[in-house]
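**Student:** My structure is in model09.cif, and what it holds is mmCIF, C-alpha atoms:
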```
data_coords
#
loop_
_atom_site.label_atom_id
_atom_site.label_comp_id
_atom_site.auth_asym_id
_atom_site.auth_seq_id
_atom_site.Cartn_x
_atom_site.Cartn_y
_atom_site.Cartn_z
CA MET A 1 0.00 0.00 0.00
CA LEU A 2 2.86 2.37 0.81
CA LYS A 3 4.53 1.59 -2.52
CA SER A 4 1.26 2.27 -4.33
CA ALA A 5 0.97 5.64 -2.61
CA LEU A 6 4.60 6.59 -3.28
CA ILE A 7 4.43 5.68 -6.97
CA HIS A 8 1.66 8.28 -7.28
CA ILE A 9 3.33 10.94 -5.15
CA VAL A 10 7.05 10.81 -5.98
CA PRO A 11 7.08 11.58 -9.74
CA PHE A 12 4.50 14.34 -9.34
CA ALA A 13 6.30 15.91 -6.39
CA LEU A 14 9.78 15.69 -7.94
CA ALA A 15 8.71 17.40 -11.17
CA LEU A 16 6.79 20.11 -9.32
CA LEU A 17 9.58 20.79 -6.83
CA TRP A 18 12.27 20.96 -9.51
CA ALA A 19 10.35 23.29 -11.81
CA GLY A 20 8.92 25.42 -9.02
CA GLY A 21 12.20 25.64 -7.13
CA LEU A 22 14.16 26.59 -10.24
CA ARG A 23 11.62 29.28 -11.09
CA VAL A 24 11.54 30.72 -7.56
CA PHE A 25 15.26 30.61 -6.79
CA GLY A 26 16.78 30.74 -10.26
CA GLY A 27 14.54 33.29 -11.91
CA PRO A 28 12.66 33.18 -15.22
CA GLU A 29 15.73 32.78 -17.43
CA ARG A 30 17.09 29.69 -15.70
CA ALA A 31 13.59 28.29 -15.42
CA ALA A 32 13.09 28.71 -19.15
CA ARG A 33 16.33 26.86 -19.85
CA GLY A 34 16.27 24.08 -17.29
CA ALA A 35 12.86 23.61 -15.70
CA GLY A 36 11.65 21.05 -18.22
CA ILE A 37 14.41 18.53 -17.49
CA GLY A 38 12.76 18.02 -14.10
CA VAL A 39 9.98 16.03 -15.76
CA MET A 40 12.36 13.45 -17.16
CA LEU A 41 14.48 13.36 -14.00
CA ALA A 42 11.32 12.69 -12.00
CA PHE A 43 10.32 9.99 -14.47
CA ALA A 44 13.76 8.35 -14.53
CA VAL A 45 14.20 8.28 -10.74
CA SER A 46 10.68 6.97 -10.12
CA TRP A 47 10.89 4.45 -12.95
CA VAL A 48 14.13 2.95 -11.64
CA ILE A 49 12.83 2.81 -8.05
CA PHE A 50 9.33 1.47 -8.62
CA VAL A 51 9.43 -0.43 -11.93
CA LYS A 52 12.95 -1.86 -11.44
CA PRO A 53 13.44 -2.51 -15.18
CA GLY A 54 17.18 -3.26 -15.05
CA TRP A 55 20.00 -1.27 -16.62
CA ALA A 56 20.74 -3.08 -19.87
CA PRO A 57 18.47 -2.08 -22.81
CA VAL A 58 17.81 -5.66 -23.86
CA THR A 59 13.99 -5.52 -24.05
CA ASP A 60 11.38 -3.06 -25.27
CA LEU A 61 10.60 -2.16 -21.67
CA THR A 62 14.18 -1.51 -20.61
CA ARG A 63 14.83 0.58 -23.72
CA ILE A 64 12.15 3.06 -22.62
CA GLY A 65 14.42 4.59 -19.99
CA HIS A 66 17.41 4.85 -22.33
CA ILE A 67 15.33 6.50 -25.04
CA ALA A 68 13.70 8.85 -22.54
CA LEU A 69 16.97 9.96 -20.96
CA GLY A 70 18.74 10.32 -24.30
CA ALA A 71 15.87 12.45 -25.59
CA ALA A 72 15.84 14.53 -22.42
CA VAL A 73 19.58 15.24 -22.69
CA ALA A 74 19.20 16.21 -26.35
CA GLY A 75 16.22 18.39 -25.45
CA LEU A 76 18.10 20.07 -22.62
CA ALA A 77 20.98 20.86 -24.97
CA LEU A 78 18.49 22.48 -27.34
CA ASP A 79 16.97 24.47 -24.45
CA LEU A 80 20.39 25.73 -23.36
CA LEU A 81 21.77 26.48 -26.82
CA ALA A 82 18.48 27.68 -28.34
CA PRO A 83 19.42 26.99 -31.98
CA ARG A 84 17.16 27.79 -34.90
CA ARG A 85 14.16 25.48 -35.19
CA PHE A 86 15.63 23.89 -38.33
CA TRP A 87 18.59 22.58 -36.33
CA ALA A 88 16.34 21.57 -33.45
CA ALA A 89 14.21 19.61 -35.91
CA ALA A 90 17.34 18.00 -37.38
CA VAL A 91 18.53 16.88 -33.94
CA ALA A 92 15.08 15.49 -33.15
CA ALA A 93 14.91 13.66 -36.49
CA ILE A 94 18.32 12.04 -36.02
CA PHE A 95 17.54 10.99 -32.48
CA LEU A 96 14.12 9.59 -33.40
CA LEU A 97 15.62 7.67 -36.33
CA GLY A 98 18.17 6.08 -33.98
CA SER A 99 15.47 5.29 -31.43
CA ALA A 100 13.26 3.74 -34.11
CA TRP A 101 16.15 1.59 -35.36
CA SER A 102 17.00 0.39 -31.85
CA SER A 103 13.34 -0.37 -31.16
CA VAL A 104 12.89 -2.41 -34.36
CA THR A 105 16.23 -4.23 -34.27
CA GLY A 106 16.93 -4.30 -30.53
CA LYS A 107 20.36 -2.72 -31.01
CA LEU A 108 22.09 0.39 -32.33
CA GLU A 109 24.53 -1.31 -34.69
CA LEU A 110 24.42 -0.13 -38.29
CA PRO A 111 23.24 -2.72 -40.85
CA THR A 112 25.96 -4.46 -42.83
CA ALA A 113 23.64 -4.92 -45.80
CA PRO A 114 20.29 -3.48 -46.92
CA ASN A 115 17.40 -5.24 -45.21
CA LEU A 116 13.94 -4.06 -46.26
CA ASP A 117 12.30 -6.06 -43.47
CA LEU A 118 14.10 -3.83 -40.96
CA LEU A 119 14.51 -0.57 -42.88
CA ALA A 120 10.85 -0.21 -43.85
CA PRO A 121 9.36 -0.45 -40.31
CA THR A 122 12.19 1.72 -38.98
CA ALA A 123 11.44 4.43 -41.52
CA ILE A 124 7.69 4.27 -40.86
CA LEU A 125 8.19 4.38 -37.09
CA ALA A 126 10.66 7.28 -37.35
CA VAL A 127 8.32 9.30 -39.57
CA LEU A 128 5.34 8.72 -37.28
CA ALA A 129 7.46 9.64 -34.25
CA PHE A 130 8.71 12.81 -35.90
CA LEU A 131 5.18 13.85 -36.87
CA GLY A 132 4.06 13.29 -33.27
CA ILE A 133 6.92 15.37 -31.84
CA ALA A 134 6.31 18.05 -34.47
CA ARG A 135 2.65 18.24 -33.44
CA LEU A 136 3.64 18.68 -29.81
CA ASP A 137 6.15 21.34 -30.82
CA VAL A 138 3.34 23.29 -32.50
CA LEU A 139 1.23 23.07 -29.33
CA ARG A 140 4.03 24.04 -26.93
CA THR A 141 3.24 27.77 -27.19
CA GLN A 142 -0.41 27.26 -26.21
CA GLY A 143 -0.08 27.37 -22.46
CA LEU A 144 -0.94 24.08 -20.77
CA THR A 145 -2.13 22.37 -23.95
CA ALA A 146 0.94 20.30 -24.87
CA THR A 147 1.63 19.05 -21.34
CA ILE A 148 -2.02 18.21 -20.67
CA LEU A 149 -2.21 16.16 -23.86
CA LEU A 150 1.06 14.42 -22.98
CA ALA A 151 -0.30 13.53 -19.54
CA VAL A 152 -3.59 12.23 -20.98
CA SER A 153 -1.72 10.16 -23.59
CA ALA A 154 0.61 8.63 -21.01
CA SER A 155 -2.41 7.84 -18.82
CA GLY A 156 -4.05 6.16 -21.79
CA ILE A 157 -1.00 3.98 -22.44
CA ALA A 158 -0.95 3.09 -18.74
CA VAL A 159 -4.60 1.98 -18.72
CA MET A 160 -4.26 0.07 -22.01
CA ALA A 161 -1.18 -1.73 -20.67
CA ALA A 162 -3.04 -2.61 -17.49
CA VAL A 163 -5.94 -4.04 -19.51
CA ALA A 164 -3.45 -5.99 -21.64
CA GLY A 165 -1.97 -7.48 -18.46
CA ASP A 166 1.39 -5.67 -18.38
CA PRO A 167 1.80 -4.12 -14.91
CA LYS A 168 5.34 -2.81 -15.46
CA LEU A 169 4.40 -0.96 -18.62
CA ALA A 170 1.25 0.31 -16.93
CA ALA A 171 3.34 1.64 -14.05
CA SER A 172 5.74 3.27 -16.54
CA GLY A 173 2.89 5.13 -18.24
CA ALA A 174 1.42 6.22 -14.91
CA ILE A 175 4.80 7.53 -13.71
CA LEU A 176 5.27 9.57 -16.89
CA ALA A 177 1.74 10.96 -16.64
CA LEU A 178 2.24 11.99 -13.02
CA ALA A 179 5.62 13.60 -13.73
CA VAL A 180 4.06 15.65 -16.54
CA LEU A 181 1.11 16.56 -14.31
CA GLY A 182 3.56 17.87 -11.73
CA TYR A 183 4.91 20.17 -14.41
CA VAL A 184 1.39 21.21 -15.42
CA VAL A 185 0.87 22.45 -11.86
CA ALA A 186 4.22 24.25 -12.00
CA GLN A 187 3.10 25.90 -15.25
CA ALA A 188 -0.10 27.10 -13.63
CA LEU A 189 1.61 28.36 -10.46
CA PHE A 190 4.97 29.66 -11.70
CA LYS A 191 4.45 30.24 -15.44
CA VAL A 192 7.36 28.00 -16.44
CA PRO A 193 7.61 27.37 -20.20
CA VAL A 194 7.51 24.11 -22.13
CA GLY A 195 10.97 23.44 -23.55
CA ASP A 196 12.49 20.84 -25.83
CA SER A 197 13.50 18.70 -22.86
CA ILE A 198 9.80 18.04 -22.25
CA ILE A 199 8.61 17.87 -25.85
CA LEU A 200 11.42 15.60 -27.03
CA GLY A 201 11.98 13.81 -23.71
CA ALA A 202 8.41 13.02 -22.65
CA GLY A 203 7.30 12.67 -26.27
CA SER A 204 9.99 10.08 -27.01
CA ALA A 205 9.23 8.20 -23.79
CA LEU A 206 5.56 8.11 -24.73
CA LEU A 207 6.37 6.82 -28.21
CA ALA A 208 8.68 4.16 -26.76
CA MET A 209 5.87 3.00 -24.48
CA ALA A 210 3.42 2.88 -27.38
CA TRP A 211 5.90 0.77 -29.38
CA THR A 212 6.42 -1.53 -26.40
CA LEU A 213 2.68 -2.00 -25.95
CA GLY A 214 2.11 -2.75 -29.63
CA HIS A 215 5.15 -5.02 -29.96
CA MET A 216 4.60 -7.02 -26.78
CA HIS A 217 0.81 -7.12 -27.02
CA PRO A 218 -0.25 -7.31 -30.69
CA ALA A 219 -3.93 -7.25 -29.74
CA SER A 220 -3.49 -3.61 -28.70
CA ARG A 221 -2.23 -2.37 -32.10
CA LEU A 222 -5.68 -1.43 -33.41
CA ALA A 223 -6.31 0.64 -30.28
CA LEU A 224 -2.99 2.45 -30.66
CA LEU A 225 -4.23 3.91 -33.96
CA LEU A 226 -6.64 6.01 -31.88
CA VAL A 227 -3.93 7.58 -29.71
CA PRO A 228 -2.88 10.27 -32.27
CA LEU A 229 -6.41 11.67 -32.09
CA ILE A 230 -5.57 12.92 -28.60
CA PHE A 231 -3.19 15.52 -30.03
CA PHE A 232 -5.97 17.13 -32.07
CA ALA A 233 -8.39 17.60 -29.16
CA GLU A 234 -7.30 21.21 -28.73
CA GLY A 235 -8.90 22.18 -32.04
CA THR A 236 -12.31 21.08 -30.75
CA ALA A 237 -11.68 22.53 -27.29
CA LYS A 238 -11.04 25.96 -28.79
CA ARG A 239 -14.44 25.89 -30.48
CA VAL A 240 -16.30 25.41 -27.21
CA PRO A 241 -17.79 28.79 -26.21
CA LEU A 242 -16.48 30.00 -22.88
CA PRO A 243 -17.49 33.00 -20.77
CA GLN A 244 -15.37 36.13 -21.03
CA ALA A 245 -14.13 35.83 -17.47
CA ARG A 246 -11.21 34.48 -15.48
CA ILE A 247 -13.04 31.21 -15.02
CA SER A 248 -12.21 30.44 -18.66
CA ALA A 249 -8.59 29.86 -17.66
CA VAL A 250 -9.84 26.93 -15.55
CA LEU A 251 -12.61 25.71 -17.84
CA TYR A 252 -10.47 25.36 -20.96
CA PRO A 253 -7.99 22.84 -19.45
CA LEU A 254 -10.91 20.82 -18.06
CA ILE A 255 -12.66 20.77 -21.44
CA LEU A 256 -9.38 19.79 -23.10
CA VAL A 257 -8.93 16.88 -20.68
CA VAL A 258 -12.47 15.63 -21.31
CA LEU A 259 -12.13 15.82 -25.10
CA ALA A 260 -8.68 14.19 -25.07
CA ALA A 261 -10.01 11.43 -22.83
CA LEU A 262 -12.62 10.39 -25.41
CA PRO A 263 -10.20 8.64 -27.81
CA VAL A 264 -8.44 7.21 -24.75
CA ALA A 265 -11.67 5.66 -23.52
CA LEU A 266 -12.39 4.22 -26.96
CA ALA A 267 -8.83 2.85 -27.22
CA VAL A 268 -9.12 1.18 -23.82
CA LEU A 269 -12.43 -0.37 -24.88
CA VAL A 270 -10.84 -1.70 -28.08
CA VAL A 271 -7.96 -3.22 -26.11
CA TYR A 272 -10.41 -4.81 -23.68
CA VAL A 273 -12.37 -6.39 -26.52
CA THR A 274 -9.39 -7.52 -28.61
CA VAL A 275 -7.40 -8.92 -25.68
CA ARG A 276 -10.36 -11.04 -24.57
CA SER A 277 -11.48 -12.17 -28.01
#
```
Just dump the structure as structure tokens.

**Tutor:**
Amino acid sequence: MLKSALIHIVPFALALLWAGGLRVFGGPERAARGAGIGVMLAFAVSWVIFVKPGWAPVTDLTRIGHIALGAAVAGLALDLLAPRRFWAAAVAAIFLLGSAWSSVTGKLELPTAPNLDLLAPTAILAVLAFLGIARLDVLRTQGLTATILLAVSASGIAVMAAVAGDPKLAASGAILALAVLGYVVAQALFKVPVGDSIILGAGSALLAMAWTLGHMHPASRLALLLVPLIFFAEGTAKRVPLPQARISAVLYPLILVVLAALPVALAVLVVYVTVRS
């Protein structure tokens, strides 16, 4: 019972304390450059403590942490150096291509000969991953939108994994969702921005979890096709008429959560049906 309580408290608290503390004591400039890395630090620490995946990236599950940390480091470098978006996109594309290759082949070694059976799924996975990260990058300037959708997506992966009977992957998704939610609270309280360390870090971790779910539990693949719909919920949320008052700042995130949860609920239902059929 204590472990269950801590797994819900620790990632949330670590992300909130890092981002909030950096904003309060370091000022807005340091917060803008380094606050986002707190999400992935909170995820990594909690994941190692509670999931206990092991250090060697020999399975889809254990590769999640390596991909997440690698993406977070790359994202932090982009936050600190602030290059033009072309170069940021190039770094993201290279990293995602490497992550896709390691996910498909189980290693990072370059192929000695052309192999369409490996190159084709790697290319497809890398393109889909890049499009997902690019969508999040577009949403990053819209206040809480990107982080809320990340948290809802990670929660969806967690529930789908639980339905599929994979408790470690379910715990991984829940930890990521809670770490991102801790940052959402920091955004609301301290106005910290969403940097590349979150977009690339949390986005890559989410994609690695989705790959793991689909690869280890083929019955969930149909449901995973619904997950991208989450990242378009903001378009519908913006069309919902809201009162011209401060309460709109609270109502919009709630509406966004509800709309993003709809494809999640449908995906969970599909997993439930396909797993038991």

**Student:** Determine, counting all atoms listed in the file, which protein, DNA and RNA residues have an atom within 12 Å of an atom of Ala92 (chain A); residues of the same chain fewer than 6 positions away are not included. Present the result as a PyMOL selection string.

**Tutor:** chain A and resi 70-78+85-86+98-100+126-127+129-134+137+196-197+199-201+203-204

**Student:** How would the residues just picked look written out with C-alpha atoms as a PDB file, in the frame of the given file?

**Tutor:**
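Result written to part14.pdb:
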```pdb
ATOM      1  CA  GLY A  70      18.740  10.320 -24.300  1.00  0.00           C
ATOM      2  CA  ALA A  71      15.870  12.450 -25.590  1.00  0.00           C
ATOM      3  CA  ALA A  72      15.840  14.530 -22.420  1.00  0.00           C
ATOM      4  CA  VAL A  73      19.580  15.240 -22.690  1.00  0.00           C
ATOM      5  CA  ALA A  74      19.200  16.210 -26.350  1.00  0.00           C
ATOM      6  CA  GLY A  75      16.220  18.390 -25.450  1.00  0.00           C
ATOM      7  CA  LEU A  76      18.100  20.070 -22.620  1.00  0.00           C
ATOM      8  CA  ALA A  77      20.980  20.860 -24.970  1.00  0.00           C
ATOM      9  CA  LEU A  78      18.490  22.480 -27.340  1.00  0.00           C
ATOM     10  CA  ARG A  85      14.160  25.480 -35.190  1.00  0.00           C
ATOM     11  CA  PHE A  86      15.630  23.890 -38.330  1.00  0.00           C
ATOM     12  CA  GLY A  98      18.170   6.080 -33.980  1.00  0.00           C
ATOM     13  CA  SER A  99      15.470   5.290 -31.430  1.00  0.00           C
ATOM     14  CA  ALA A 100      13.260   3.740 -34.110  1.00  0.00           C
ATOM     15  CA  ALA A 126      10.660   7.280 -37.350  1.00  0.00           C
ATOM     16  CA  VAL A 127       8.320   9.300 -39.570  1.00  0.00           C
ATOM     17  CA  ALA A 129       7.460   9.640 -34.250  1.00  0.00           C
ATOM     18  CA  PHE A 130       8.710  12.810 -35.900  1.00  0.00           C
ATOM     19  CA  LEU A 131       5.180  13.850 -36.870  1.00  0.00           C
ATOM     20  CA  GLY A 132       4.060  13.290 -33.270  1.00  0.00           C
ATOM     21  CA  ILE A 133       6.920  15.370 -31.840  1.00  0.00           C
ATOM     22  CA  ALA A 134       6.310  18.050 -34.470  1.00  0.00           C
ATOM     23  CA  ASP A 137       6.150  21.340 -30.820  1.00  0.00           C
ATOM     24  CA  ASP A 196      12.490  20.840 -25.830  1.00  0.00           C
ATOM     25  CA  SER A 197      13.500  18.700 -22.860  1.00  0.00           C
ATOM     26  CA  ILE A 199       8.610  17.870 -25.850  1.00  0.00           C
ATOM     27  CA  LEU A 200      11.420  15.600 -27.030  1.00  0.00           C
ATOM     28  CA  GLY A 201      11.980  13.810 -23.710  1.00  0.00           C
ATOM     29  CA  GLY A 203       7.300  12.670 -26.270  1.00  0.00           C
ATOM     30  CA  SER A 204       9.990  10.080 -27.010  1.00  0.00           C
TER      31      SER A 204
END
```

**Student:** Could you give me, as a Markdown table, every region 73-171 of chain A residue with an atom at most 10 Å from region 220-233 of chain A, plus its closest atom pair and distance in Å to one decimal, counting only C-alpha atoms, rows ordered by chain then number?

**Tutor:**
```
| residue | atom | partner | partner_atom | distance |
| --- | --- | --- | --- | --- |
| A:Leu128 | CA | A:Pro228 | CA | 9.8 |
| A:Leu131 | CA | A:Pro228 | CA | 9.9 |
| A:Gly132 | CA | A:Pro228 | CA | 7.6 |
| A:Arg135 | CA | A:Phe231 | CA | 7.3 |
| A:Leu136 | CA | A:Phe231 | CA | 7.5 |
| A:Leu139 | CA | A:Phe231 | CA | 8.8 |
| A:Thr145 | CA | A:Phe231 | CA | 9.2 |
| A:Ala146 | CA | A:Phe231 | CA | 8.2 |
| A:Ile148 | CA | A:Phe231 | CA | 9.8 |
| A:Leu149 | CA | A:Phe231 | CA | 6.3 |
| A:Leu150 | CA | A:Phe231 | CA | 8.3 |
| A:Val152 | CA | A:Ile230 | CA | 7.9 |
| A:Ser153 | CA | A:Ile230 | CA | 6.9 |
| A:Ala154 | CA | A:Val227 | CA | 9.9 |
| A:Gly156 | CA | A:Val227 | CA | 8.0 |
| A:Ile157 | CA | A:Leu224 | CA | 8.6 |
| A:Met160 | CA | A:Ser220 | CA | 7.7 |
| A:Ala161 | CA | A:Ser220 | CA | 8.6 |
| A:Val163 | CA | A:Ser220 | CA | 9.5 |
| A:Ala164 | CA | A:Ser220 | CA | 7.5 |
```

**Student:** Please, what distance in Å, to one decimal, runs between CA of Met209 (chain A) and CA of Arg63 (chain A)?

**Tutor:** 9.3 Å

**Student:** Quick check, in Å to one decimal: how far apart do CA of Val39 (chain A) and CA of Ala179 (chain A) lie?

**Tutor:**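 Taking CA of Val39 (chain A) as the start and CA of Ala179 (chain A) as the end point, the length is 5.4 Å.
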
**Student:** Taking the file above as input, evaluate the PyMOL selection byres ((chain A and resi 253) around 10) and report the hits as a PDB file with C-alpha atoms, in the coordinates of the input.

**Tutor:**
```pdb
ATOM      1  CA  GLY A 143      -0.080  27.370 -22.460  1.00  0.00           C
ATOM      2  CA  LEU A 144      -0.940  24.080 -20.770  1.00  0.00           C
ATOM      3  CA  THR A 145      -2.130  22.370 -23.950  1.00  0.00           C
ATOM      4  CA  ILE A 148      -2.020  18.210 -20.670  1.00  0.00           C
ATOM      5  CA  LEU A 149      -2.210  16.160 -23.860  1.00  0.00           C
ATOM      6  CA  GLU A 234      -7.300  21.210 -28.730  1.00  0.00           C
ATOM      7  CA  ALA A 237     -11.680  22.530 -27.290  1.00  0.00           C
ATOM      8  CA  SER A 248     -12.210  30.440 -18.660  1.00  0.00           C
ATOM      9  CA  ALA A 249      -8.590  29.860 -17.660  1.00  0.00           C
ATOM     10  CA  VAL A 250      -9.840  26.930 -15.550  1.00  0.00           C
ATOM     11  CA  LEU A 251     -12.610  25.710 -17.840  1.00  0.00           C
ATOM     12  CA  TYR A 252     -10.470  25.360 -20.960  1.00  0.00           C
ATOM     13  CA  LEU A 254     -10.910  20.820 -18.060  1.00  0.00           C
ATOM     14  CA  ILE A 255     -12.660  20.770 -21.440  1.00  0.00           C
ATOM     15  CA  LEU A 256      -9.380  19.790 -23.100  1.00  0.00           C
ATOM     16  CA  VAL A 257      -8.930  16.880 -20.680  1.00  0.00           C
ATOM     17  CA  VAL A 258     -12.470  15.630 -21.310  1.00  0.00           C
ATOM     18  CA  LEU A 259     -12.130  15.820 -25.100  1.00  0.00           C
TER      19      LEU A 259
END
```

**Student:** From the options A:Ala82, A:Leu119, A:Gly54, A:Gly235, which residue's atoms come nearest to Gln142 (chain A), counting all atoms listed in the file?

**Tutor:**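 Looking only at the distances to Gln142 (chain A), the closest residue turns out to be A:Gly235.
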
**Student:** So which one's closest to Leu108 (chain A), A:Gly165, A:Pro57, A:Pro121, A:Pro193? Using all atoms listed in the file, please.

**Tutor:**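 Answer, going by the shortest atom-to-atom distance: A:Pro57.
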
**Student:** Point out the residue among A:Tyr183, A:Trp211, A:Trp87, A:Phe95 with the least atom-to-atom distance to Phe12 (chain A), counting all atoms listed in the file.

**Tutor:**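 Counting all atoms listed in the file, the residue closest to Phe12 (chain A) is A:Tyr183.
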
**Student:** Carefully work through the PyMOL selection byres ((chain A and resi 177) around 9) for this structure and note down the residues it includes, as number ranges by chain.

**Tutor:** A: 11-12, 43, 150-155, 158, 172-176, 178-182

**Student:** Kindly save the residues from that selection, with C-alpha atoms included, as a PDB file, in the coordinates of the input.

**Tutor:**
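Resulting contents of again_24.pdb:
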```
ATOM      1  CA  PRO A  11       7.080  11.580  -9.740  1.00  0.00           C
ATOM      2  CA  PHE A  12       4.500  14.340  -9.340  1.00  0.00           C
ATOM      3  CA  PHE A  43      10.320   9.990 -14.470  1.00  0.00           C
ATOM      4  CA  LEU A 150       1.060  14.420 -22.980  1.00  0.00           C
ATOM      5  CA  ALA A 151      -0.300  13.530 -19.540  1.00  0.00           C
ATOM      6  CA  VAL A 152      -3.590  12.230 -20.980  1.00  0.00           C
ATOM      7  CA  SER A 153      -1.720  10.160 -23.590  1.00  0.00           C
ATOM      8  CA  ALA A 154       0.610   8.630 -21.010  1.00  0.00           C
ATOM      9  CA  SER A 155      -2.410   7.840 -18.820  1.00  0.00           C
ATOM     10  CA  ALA A 158      -0.950   3.090 -18.740  1.00  0.00           C
ATOM     11  CA  SER A 172       5.740   3.270 -16.540  1.00  0.00           C
ATOM     12  CA  GLY A 173       2.890   5.130 -18.240  1.00  0.00           C
ATOM     13  CA  ALA A 174       1.420   6.220 -14.910  1.00  0.00           C
ATOM     14  CA  ILE A 175       4.800   7.530 -13.710  1.00  0.00           C
ATOM     15  CA  LEU A 176       5.270   9.570 -16.890  1.00  0.00           C
ATOM     16  CA  LEU A 178       2.240  11.990 -13.020  1.00  0.00           C
ATOM     17  CA  ALA A 179       5.620  13.600 -13.730  1.00  0.00           C
ATOM     18  CA  VAL A 180       4.060  15.650 -16.540  1.00  0.00           C
ATOM     19  CA  LEU A 181       1.110  16.560 -14.310  1.00  0.00           C
ATOM     20  CA  GLY A 182       3.560  17.870 -11.730  1.00  0.00           C
TER      21      GLY A 182
END
```

**Student:** What does the structure give for the distance between CA of Ile64 (chain A) and CA of Ala208 (chain A), in Å to one decimal?

**Tutor:**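 CA of Ala208 (chain A) lies 5.5 Å from CA of Ile64 (chain A).
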
**Student:** Can you pull out every residue within 8 Å of Val10 (chain A), counting only C-alpha atoms, but drop anything in the same chain fewer than 3 positions away, and send it as a list in words?

**Tutor:**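 Skipping anything fewer than 3 positions along the chain leaves Leu6, Ile7, Ala13, Leu14, Ala42 and Ser46 of chain A.
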
**Student:** Pull the neighbourhood of (13.0, 28.2, -16.3) for me: all residues within 10 Å in file coordinates, counting all atoms listed in the file, as a PyMOL selection string.

**Tutor:** chain A and resi 18-24+26-37+79+190-195

**Student:** Let's have the selection written as a PDB file, in the coordinates of the input, with C-alpha atoms.

**Tutor:**
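Resulting contents of out-v5.pdb:
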```pdb
ATOM      1  CA  TRP A  18      12.270  20.960  -9.510  1.00  0.00           C
ATOM      2  CA  ALA A  19      10.350  23.290 -11.810  1.00  0.00           C
ATOM      3  CA  GLY A  20       8.920  25.420  -9.020  1.00  0.00           C
ATOM      4  CA  GLY A  21      12.200  25.640  -7.130  1.00  0.00           C
ATOM      5  CA  LEU A  22      14.160  26.590 -10.240  1.00  0.00           C
ATOM      6  CA  ARG A  23      11.620  29.280 -11.090  1.00  0.00           C
ATOM      7  CA  VAL A  24      11.540  30.720  -7.560  1.00  0.00           C
ATOM      8  CA  GLY A  26      16.780  30.740 -10.260  1.00  0.00           C
ATOM      9  CA  GLY A  27      14.540  33.290 -11.910  1.00  0.00           C
ATOM     10  CA  PRO A  28      12.660  33.180 -15.220  1.00  0.00           C
ATOM     11  CA  GLU A  29      15.730  32.780 -17.430  1.00  0.00           C
ATOM     12  CA  ARG A  30      17.090  29.690 -15.700  1.00  0.00           C
ATOM     13  CA  ALA A  31      13.590  28.290 -15.420  1.00  0.00           C
ATOM     14  CA  ALA A  32      13.090  28.710 -19.150  1.00  0.00           C
ATOM     15  CA  ARG A  33      16.330  26.860 -19.850  1.00  0.00           C
ATOM     16  CA  GLY A  34      16.270  24.080 -17.290  1.00  0.00           C
ATOM     17  CA  ALA A  35      12.860  23.610 -15.700  1.00  0.00           C
ATOM     18  CA  GLY A  36      11.650  21.050 -18.220  1.00  0.00           C
ATOM     19  CA  ILE A  37      14.410  18.530 -17.490  1.00  0.00           C
ATOM     20  CA  ASP A  79      16.970  24.470 -24.450  1.00  0.00           C
ATOM     21  CA  PHE A 190       4.970  29.660 -11.700  1.00  0.00           C
ATOM     22  CA  LYS A 191       4.450  30.240 -15.440  1.00  0.00           C
ATOM     23  CA  VAL A 192       7.360  28.000 -16.440  1.00  0.00           C
ATOM     24  CA  PRO A 193       7.610  27.370 -20.200  1.00  0.00           C
ATOM     25  CA  VAL A 194       7.510  24.110 -22.130  1.00  0.00           C
ATOM     26  CA  GLY A 195      10.970  23.440 -23.550  1.00  0.00           C
TER      27      GLY A 195
END
```

**Student:** Hey, which of A:Ile198, A:His217, A:Trp47, A:Ala260 ends up closest to Arg140 (chain A)? Count all atoms listed in the file.

**Tutor:** A:Ile198

**Student:** Given the choices A:Leu61, A:Ala267, A:Val91, A:Thr274, which gets closest to Pro167 (chain A) if the distance is worked out from only C-alpha atoms?

**Tutor:**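 Of all the options, A:Leu61 lies closest to Pro167 (chain A).
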